[in-house]
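S.K.: Below is the file coords.tsv, with TSV, C-alpha atoms.
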chain	number	residue	atom	x	y	z
A	1	MET	CA	18.10	-2.64	12.68
A	2	PRO	CA	14.82	-4.52	12.30
A	3	SER	CA	13.75	-6.30	9.16
A	4	VAL	CA	11.15	-4.55	7.04
A	5	TYR	CA	8.96	-7.56	6.29
A	6	MET	CA	10.02	-10.66	8.28
A	7	GLY	CA	9.47	-11.48	11.91
A	8	VAL	CA	7.45	-10.26	14.84
A	9	ASP	CA	9.83	-7.34	15.42
A	10	SER	CA	9.72	-6.13	11.79
A	11	CYS	CA	8.51	-2.72	10.65
A	12	TYR	CA	5.45	-4.29	9.06
A	13	ALA	CA	4.54	-6.02	12.31
A	14	ARG	CA	4.87	-2.79	14.28
A	15	LYS	CA	3.16	-0.44	11.84
A	16	GLU	CA	0.59	-2.59	10.02
A	17	GLY	CA	0.09	-5.62	12.23
A	18	ILE	CA	1.19	-8.22	9.64
A	19	TYR	CA	4.51	-9.88	8.90
A	20	VAL	CA	6.09	-12.79	7.04
A	21	LYS	CA	6.38	-15.76	9.37
A	22	ARG	CA	9.74	-17.50	9.53
A	23	ILE	CA	9.38	-21.17	8.73
A	24	ALA	CA	12.43	-22.73	10.33
A	25	ARG	CA	15.34	-20.37	10.88
A	26	THR	CA	16.03	-16.68	10.52
A	27	GLY	CA	16.51	-15.54	6.96
A	28	ILE	CA	15.14	-16.63	3.62
A	29	ASP	CA	15.70	-20.34	3.22
A	30	THR	CA	12.53	-21.51	1.47
A	31	ILE	CA	10.71	-20.68	-1.74
A	32	ALA	CA	7.52	-19.91	0.17
A	33	GLU	CA	9.24	-17.18	2.19
A	34	ALA	CA	10.62	-15.67	-1.02
A	35	LYS	CA	7.12	-15.62	-2.56
A	36	ALA	CA	5.63	-13.91	0.49
A	37	LEU	CA	8.39	-11.31	0.59
A	38	ALA	CA	8.01	-10.62	-3.14
A	39	TYR	CA	4.29	-10.12	-2.58
A	40	LEU	CA	4.86	-7.51	0.14
A	41	VAL	CA	7.49	-5.70	-1.96
A	42	LEU	CA	5.00	-5.60	-4.84
A	43	ARG	CA	2.30	-4.33	-2.47
A	44	ASP	CA	4.55	-1.49	-1.37
A	45	TYR	CA	5.39	-0.65	-4.98
A	46	ARG	CA	1.71	-0.45	-5.94
A	47	ARG	CA	0.78	1.86	-3.09
A	48	GLY	CA	3.85	4.03	-3.63
A	49	TRP	CA	5.53	3.92	-0.24
A	50	THR	CA	7.33	1.54	2.09
A	51	TYR	CA	9.24	1.60	5.36
A	52	ASP	CA	12.87	2.50	5.93
A	53	LYS	CA	14.76	-0.45	7.37
A	54	TYR	CA	16.67	1.64	9.91
A	55	ASP	CA	13.93	3.37	11.85
A	56	CYS	CA	10.66	2.26	10.22
A	57	ARG	CA	9.79	5.65	8.72
A	58	LYS	CA	7.56	5.94	5.66
A	59	ILE	CA	9.59	6.51	2.51
A	60	PRO	CA	8.53	6.69	-1.14
A	61	MET	CA	8.81	3.43	-3.09
A	62	SER	CA	10.49	4.14	-6.40
A	63	HIS	CA	11.01	1.70	-9.24
A	64	ASP	CA	14.71	1.49	-8.35
A	65	LEU	CA	13.94	0.64	-4.73
A	66	PHE	CA	11.43	-1.96	-5.96
A	67	LYS	CA	14.18	-3.65	-7.99
A	68	LYS	CA	16.68	-3.40	-5.12
A	69	ARG	CA	14.27	-4.97	-2.64
A	70	LEU	CA	13.53	-7.84	-5.03
A	71	GLN	CA	17.24	-8.43	-5.68
A	72	GLY	CA	17.80	-8.22	-1.93
A	73	ILE	CA	15.55	-11.25	-1.50
A	74	LEU	CA	17.88	-13.23	-3.75
A	75	SER	CA	21.06	-12.01	-2.05
A	76	TYR	CA	19.70	-12.76	1.44
A	77	ALA	CA	18.61	-16.20	0.28
A	78	GLY	CA	22.12	-16.80	-1.03
A	79	LYS	CA	23.71	-15.78	2.28
A	80	HIS	CA	21.37	-17.85	4.40
A	81	THR	CA	21.60	-20.95	2.25
A	82	ASP	CA	25.42	-20.69	2.34
A	83	ASP	CA	25.19	-21.04	6.11
A	84	LEU	CA	22.97	-24.10	5.72
A	85	VAL	CA	25.43	-25.74	3.32
A	86	GLU	CA	28.31	-25.10	5.75
A	87	LYS	CA	26.36	-26.68	8.60
A	88	GLY	CA	25.48	-29.66	6.45
A	89	LEU	CA	21.74	-29.04	6.52
A	90	LEU	CA	21.49	-28.46	2.76
A	91	SER	CA	23.39	-29.93	-0.17
A	92	LYS	CA	25.07	-27.72	-2.77
A	93	SER	CA	22.84	-29.00	-5.57
A	94	ALA	CA	19.71	-28.32	-3.51
A	95	ARG	CA	21.03	-24.82	-2.76
A	96	GLU	CA	21.58	-24.11	-6.46
A	97	GLU	CA	18.09	-25.37	-7.30
A	98	LEU	CA	16.58	-23.24	-4.54
A	99	LEU	CA	18.38	-20.09	-5.69
A	100	LYS	CA	17.43	-20.79	-9.32
A	101	ARG	CA	13.76	-21.06	-8.36
A	102	ILE	CA	13.90	-17.88	-6.25
A	103	LYS	CA	15.54	-16.07	-9.18
A	104	GLU	CA	12.64	-17.16	-11.43
A	105	ILE	CA	10.13	-15.83	-8.87
A	106	ILE	CA	11.90	-12.48	-8.64
A	107	ASP	CA	12.20	-12.15	-12.42
A	108	TYR	CA	8.50	-12.91	-12.84
A	109	VAL	CA	7.40	-10.32	-10.27
A	110	GLU	CA	9.82	-7.73	-11.64
A	111	SER	CA	8.74	-8.12	-15.25
A	112	TYR	CA	4.96	-8.64	-14.88
A	113	LYS	CA	4.45	-6.74	-11.59
A	114	ARG	CA	1.88	-9.21	-10.35
A	115	ILE	CA	1.65	-12.42	-8.35
A	116	PRO	CA	0.31	-15.61	-10.00
A	117	SER	CA	-2.94	-16.87	-8.47
A	118	GLU	CA	-1.42	-20.29	-7.67
A	119	TRP	CA	0.96	-18.62	-5.19
A	120	GLU	CA	-1.84	-17.08	-3.14
A	121	LYS	CA	-2.43	-20.11	-0.94
A	122	THR	CA	1.24	-20.28	0.01
A	123	ILE	CA	1.44	-16.55	0.61
A	124	ASP	CA	-1.69	-16.52	2.77
A	125	ARG	CA	-0.17	-19.15	5.05
A	126	LEU	CA	3.01	-17.14	5.61
A	127	ILE	CA	1.68	-13.61	6.00
A	128	VAL	CA	0.23	-13.61	9.47
A	129	GLU	CA	-1.25	-11.02	11.80
A	130	VAL	CA	0.42	-9.98	14.98
A	131	LYS	CA	-1.21	-11.57	17.98
A	132	LYS	CA	-2.00	-9.06	20.63
A	133	ARG	CA	-0.21	-9.85	23.81
A	134	LYS	CA	-2.36	-10.44	26.78
A	135	SER	CA	-1.59	-7.90	29.41
A	136	LYS	CA	-1.11	-9.25	32.84
A	137	LYS	CA	-4.04	-7.89	34.72
A	138	LYS	CA	-4.28	-8.23	38.42
A	139	LYS	CA	-7.04	-10.55	39.35
A	140	LYS	CA	-9.66	-8.85	41.40
A	141	ARG	CA	-10.17	-10.62	44.64
A	142	VAL	CA	-13.73	-11.32	45.43
A	143	LYS	CA	-14.43	-10.77	49.06
A	144	THR	CA	-16.37	-13.51	50.69
A	145	VAL	CA	-19.21	-12.17	52.72
A	146	LYS	CA	-19.53	-13.77	56.09
A	147	PRO	CA	-22.89	-13.76	57.79
A	148	ARG	CA	-23.21	-11.11	60.45
A	149	LYS	CA	-23.19	-12.05	64.02
A	150	PRO	CA	-26.23	-10.79	65.85
A	151	ARG	CA	-25.62	-7.80	68.01
A	152	GLY	CA	-26.21	-8.21	71.68
A	153	ARG	CA	-27.91	-11.19	73.26
A	154	VAL	CA	-30.51	-13.04	71.39
A	155	LYS	CA	-33.54	-13.48	73.55
A	156	LYS	CA	-35.53	-16.58	73.24
A	157	ARG	CA	-39.27	-16.22	73.37
A	158	ARG	CA	-40.91	-17.96	76.19
A	159	LYS	CA	-44.11	-19.73	75.74
A	160	ARG	CA	-46.82	-18.50	78.03
A	161	LYS	CA	-48.46	-20.91	80.24
A	162	ARG	CA	-52.18	-21.20	79.82
A	163	LYS	CA	-54.39	-20.97	82.84
As structure tokens, how would this structure be written, given the file I've shared?

M.R.:
Amino acid sequence: MPSVYMGVDSCYARKEGIYVKRIARTGIDTIAEAKALAYLVLRDYRRGWTYDKYDCRKIPMSHDLFKKRLQGILSYAGKHTDDLVEKGLLSKSAREELLKRIKEIIDYVESYKRIPSEWEKTIDRLIVEVKKRKSKKKKKRVKTVKPRKPRGRVKKRRKRKRK
């Protein structure tokens, strides 16, 4: 089951050629990633359709699905930051502050249905285009042309003797 918005193998990457770049690890563990995901959810809501997370089919984007996707950002952030706390990479107070800030972002987008202009720089850095893979083409061998050998014997011209 691919992600809808994050990663090179996401539905967005396959269908539209853009995706949210992961900063450090898989999952939502930074505020910038949450902002970029909220932007794409809002984009889907405005145009009226999104992708199904199971097989990347187009589905209608209702107001309920809009709210669920935004709340999903918060729940995924909670799960991923729990893992970071267990591994000792993030303190509990920093986790609580991170989740509080992500909750503020989600509430803002849900209530006003827009993205503040000061977020645009951060979002532009994280939403990237899929790089087209270079296909391995066989290199064409250039044949070296050797000079032809003369056919038969080469006759030398004799100088005539003068009388």

S.K.: Quick one: pull the distance between atom CA of A:Glu86 and atom CA of A:Asp29, Å, one decimal.

M.R.: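 That distance, rounded to one decimal, is 13.7 Å.
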
S.K.: Just checking: using all atoms listed in the file, which residue out of A:Gly88, A:Ser62, A:Lys121, A:Arg114 ends up closest to A:Tyr39?

M.R.: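 For A:Tyr39, the nearest of the given residues is A:Arg114.
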
S.K.: Of the residues A:Val128, A:Leu90, A:Ile59, A:Ile31, which is the one nearest to A:Ile105, using all atoms listed in the file?

M.R.: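 Once distances to A:Ile105 are computed over all atoms listed in the file, the minimum belongs to A:Ile31.
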
S.K.: Atom CA of A:Val130 and atom CA of A:Asp52, how far apart in Å?

M.R.: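 Here the two named atoms are 19.8 Å from each other.
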
S.K.: So, counting all atoms listed in the file, which residue among A:Ile106, A:Ile28, A:Leu84, A:Ala34 is closest to A:Phe66?

M.R.: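 Of A:Ile106, A:Ile28, A:Leu84, A:Ala34, the one nearest A:Phe66, counting all atoms listed in the file, is A:Ile106.
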
S.K.: Rank nothing, just name the residue among A:Lys35, A:His63, A:Lys58, A:Arg25 nearest to A:Asp83, using all atoms listed in the file.

M.R.: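 Checking each of A:Lys35, A:His63, A:Lys58, A:Arg25 against A:Asp83, counting all atoms listed in the file, the winner is A:Arg25.
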
S.K.: Residues near A:Glu96, anyone? I mean within 12 Å using only C-alpha atoms, not counting same-chain ones fewer than 2 positions away, as JSON, numbers by chain.

M.R.: {"A": [29, 74, 77, 78, 81, 82, 85, 90, 91, 92, 93, 94, 98, 99, 100, 101, 102, 103]}

S.K.: Name the closest residue to A:Ser111 among the candidates A:Leu70, A:Met61, A:Val4, A:Leu40; distances are taken between atoms, counting all atoms listed in the file.

M.R.: A:Leu70

S.K.: Do you have the atom CA of A:Lys53-atom CA of A:Val20 distance handy?

M.R.: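 Pair atom CA of A:Lys53 / atom CA of A:Val20 returns 15.1 Å.
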
S.K.: Would you kindly return, as an MDAnalysis selection string, each protein, DNA or RNA residue with an atom no farther than 7 Å from any atom of A:Ile123, considering all atoms listed in the file and excluding same-chain residues fewer than 3 positions away?

M.R.: chainID A and resid 32 35:36 119:120 126:127

S.K.: From the list A:Lys79, A:Thr50, A:Thr122, A:Val109, which residue is nearest A:Glu16 when using all atoms listed in the file?

M.R.: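 Answer, going by the shortest atom-to-atom distance: A:Thr50.
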